[in-house]
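Everything on this sheet refers to the single structure shown next.
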Amino acid sequence: MRAARLVTAAAGLGLVLTGAVFLVTTLPFRALVGLAVWLVCALILHDGVFVPLTTAAIAIVNRAGRRFPGAALLTLKAGFALGALLTLVVSIESYVQLRHHPRNPTILVGDYGLRLLLVWAVVLAILAVVTVVTLLRTRRTSDR
Amino acid sequence: MTAPRDPRTTRRAFLGGVGVSMATLAGLTAGQSFGWLAPFNLFAPRRQGGGPQQLPITRTAKQAHVADYARDPSWTLAVGHGSRSRRFSRKELLAHPQTEVVLPIACVEGWSTYATWRGVRLRDLVATVGGPGDAGIRVTSLEPRGHYRVMTMGAEYVQDPATLVALEVNGETLDLDHGYPARMIAPGRPGVLQTKWLRSIEVLE
């Protein structure tokens, strides 16, 4: 186990270093500055917006589902994470595409809002089924 | 190792959740580039086979402000090599031996779609002005401005038998948005370098 960890860590570090060397040697200085700005903004957005929001959401789910079996709660969290990820990606992608390509008839060809609603409906339906099944199963085991 | 604060959140569950999310996101968007996933393409901005002549567009003729120049009936393609130069109308290009290739537009914006292209082999055109086999070229578009108005291409692409000055796509005359009257199509190059609305080809030495 220890040896495997050491090997994978060394391989990972090696890849990171290779990437860093190629980055610095192949990209012009201006692109590197742009990359640095992007990374700092991503950090601020991640730590300043996403982390507080998800921490609050998880606390609410945990409190509300105190009596839920652990497996059901985990599925709920994963389902909401999936829905949130899709919503975020689709909205940002649509915004960027609209800004860069106004009036291009081959872009943004679908009704993304409706599709997003449908996917949310499917995710919620699966969550409901999984939750009910898990609840029934735990109740049956504890009845025995 | 300390026990996690919330005993219901395990590393395995976290990785599983992230994995399922990523797989779903990829599954519902990658269909804009991979044909077998196309039926599941719910969220990608482009659709396989969408657009004129079953091919999406990144930059339209309108966006490139190129329509008037491209529709000009007196258009010719200038091919130059030092002091030698020739001009070809679309009709003259069509009179050259035509080659058909199946090549993708692989756009840096994340979509790619294969199409059947027909046109004149670039190396044949370069040969008409005596361009040597080891020379690269500089291609200029009719676009008045734009990052990729001027494109250079190394000899390895110029001499590739699949590199064409394309005049037709998917069995029809190129749509204005696909680069009418003539465009470049070469294997193994990003979409932004498949220059549309050609104005001139210069052999570099």
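Following the order of the structure tokens, chains are lettered A, B, ..., residues in each are numbered from 1, and ligands are numbered from 1.
With the cut-off set to 6 Å and only C-alpha atoms counted, chain A residues close to chain B are Gly70, Ala78, Leu82, Thr106, Ile107 and Leu108 of chain A.
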For this session: Could you give me, as a VMD selection string, each residue of chain B that DSSP assigns to strand (DSSP E or B) when run on this structure's backbone?
Result: chain B and resid 77 to 81 84 to 88 99 to 106 112 to 121 136 to 141 150 to 153 164 to 169 172 to 173 183 to 185 198 to 204
Name the residues in contact with region 111-116 of chain B at a cut-off of 8 Å, using only C-alpha atoms, excluding same-chain residues fewer than 6 positions from it; report them as a PDB file with N, CA and C atoms, in the first residue's frame.
```pdb
ATOM      1  N   GLN B  32     -21.505  16.225 -29.507  1.00  0.00           N
ATOM      2  CA  GLN B  32     -21.247  17.208 -30.566  1.00  0.00           C
ATOM      3  C   GLN B  32     -19.947  16.879 -31.311  1.00  0.00           C
ATOM      4  N   SER B  33     -19.152  15.962 -30.747  1.00  0.00           N
ATOM      5  CA  SER B  33     -17.917  15.565 -31.421  1.00  0.00           C
ATOM      6  C   SER B  33     -17.903  14.099 -31.798  1.00  0.00           C
ATOM      7  N   PHE B  34     -18.608  13.235 -31.053  1.00  0.00           N
ATOM      8  CA  PHE B  34     -18.562  11.792 -31.296  1.00  0.00           C
ATOM      9  C   PHE B  34     -19.926  11.310 -31.761  1.00  0.00           C
ATOM     10  N   ARG B  46     -23.443  22.774 -30.003  1.00  0.00           N
ATOM     11  CA  ARG B  46     -23.633  22.430 -31.415  1.00  0.00           C
ATOM     12  C   ARG B  46     -24.085  20.992 -31.568  1.00  0.00           C
ATOM     13  N   GLN B  48     -24.186  17.504 -34.184  1.00  0.00           N
ATOM     14  CA  GLN B  48     -23.592  16.855 -35.353  1.00  0.00           C
ATOM     15  C   GLN B  48     -24.578  16.933 -36.506  1.00  0.00           C
ATOM     16  N   GLY B  49     -24.080  17.337 -37.679  1.00  0.00           N
ATOM     17  CA  GLY B  49     -24.970  17.407 -38.824  1.00  0.00           C
ATOM     18  C   GLY B  49     -25.871  18.630 -38.811  1.00  0.00           C
ATOM     19  N   LEU B  55     -23.120  20.624 -41.588  1.00  0.00           N
ATOM     20  CA  LEU B  55     -21.843  20.953 -40.966  1.00  0.00           C
ATOM     21  C   LEU B  55     -22.018  22.237 -40.161  1.00  0.00           C
ATOM     22  N   PRO B  56     -21.680  22.214 -38.861  1.00  0.00           N
ATOM     23  CA  PRO B  56     -21.801  23.443 -38.070  1.00  0.00           C
ATOM     24  C   PRO B  56     -20.781  24.503 -38.504  1.00  0.00           C
ATOM     25  N   GLU B 100     -11.533  13.834 -53.962  1.00  0.00           N
ATOM     26  CA  GLU B 100     -12.508  13.793 -52.874  1.00  0.00           C
ATOM     27  C   GLU B 100     -11.839  13.241 -51.621  1.00  0.00           C
ATOM     28  N   VAL B 101     -12.005  13.915 -50.489  1.00  0.00           N
ATOM     29  CA  VAL B 101     -11.455  13.416 -49.220  1.00  0.00           C
ATOM     30  C   VAL B 101     -12.532  13.538 -48.139  1.00  0.00           C
ATOM     31  N   VAL B 102     -12.428  12.645 -47.129  1.00  0.00           N
ATOM     32  CA  VAL B 102     -13.311  12.745 -45.964  1.00  0.00           C
ATOM     33  C   VAL B 102     -12.455  13.211 -44.800  1.00  0.00           C
ATOM     34  N   LEU B 103     -12.681  14.427 -44.372  1.00  0.00           N
ATOM     35  CA  LEU B 103     -11.874  15.012 -43.301  1.00  0.00           C
ATOM     36  C   LEU B 103     -12.779  15.783 -42.344  1.00  0.00           C
ATOM     37  N   PRO B 104     -12.362  15.864 -41.067  1.00  0.00           N
ATOM     38  CA  PRO B 104     -13.199  16.595 -40.109  1.00  0.00           C
ATOM     39  C   PRO B 104     -12.835  18.071 -40.032  1.00  0.00           C
ATOM     40  N   ILE B 105     -13.818  18.884 -39.658  1.00  0.00           N
ATOM     41  CA  ILE B 105     -13.510  20.186 -39.093  1.00  0.00           C
ATOM     42  C   ILE B 105     -13.439  19.929 -37.597  1.00  0.00           C
ATOM     43  N   VAL B 169     -18.682  20.652 -50.613  1.00  0.00           N
ATOM     44  CA  VAL B 169     -18.747  19.860 -49.395  1.00  0.00           C
ATOM     45  C   VAL B 169     -20.042  19.063 -49.396  1.00  0.00           C
ATOM     46  N   ASN B 170     -19.937  17.808 -48.988  1.00  0.00           N
ATOM     47  CA  ASN B 170     -21.092  16.903 -48.928  1.00  0.00           C
ATOM     48  C   ASN B 170     -21.939  16.956 -50.200  1.00  0.00           C
ATOM     49  N   GLY B 171     -21.248  17.003 -51.345  1.00  0.00           N
ATOM     50  CA  GLY B 171     -21.939  16.906 -52.625  1.00  0.00           C
ATOM     51  C   GLY B 171     -22.531  18.196 -53.162  1.00  0.00           C
TER      52      GLY B 171
END
```
Problem set entry | Top pick for closest residue to Ala78 (chain B), considering B:Leu37, B:Val139, B:Ala26, B:Ala162 and counting only C-alpha atoms | B:Val139
Problem set entry | Residues flagged alpha helix (DSSP H) by DSSP in region 25-97 of chain A, as a ChimeraX atom specification | /A:25-26,29-45,51-64,70-97
For this session: Would you list the contacts of region 118-135 of chain B as a PyMOL selection string, taking every protein, DNA or RNA residue within 8 Å and counting only C-alpha atoms, but skipping same-chain residues closer than 5 positions in sequence?
Result: chain B and resi 79-81+84-86+93-94+96-101+154-156+158-169+171+203-205
For this session: Can you work out which one of B:Gln194, B:Pro144, B:Arg90, B:Pro187 has the shortest atom-to-atom distance to Ala67 (chain B), counting only C-alpha atoms?
Result: B:Pro144
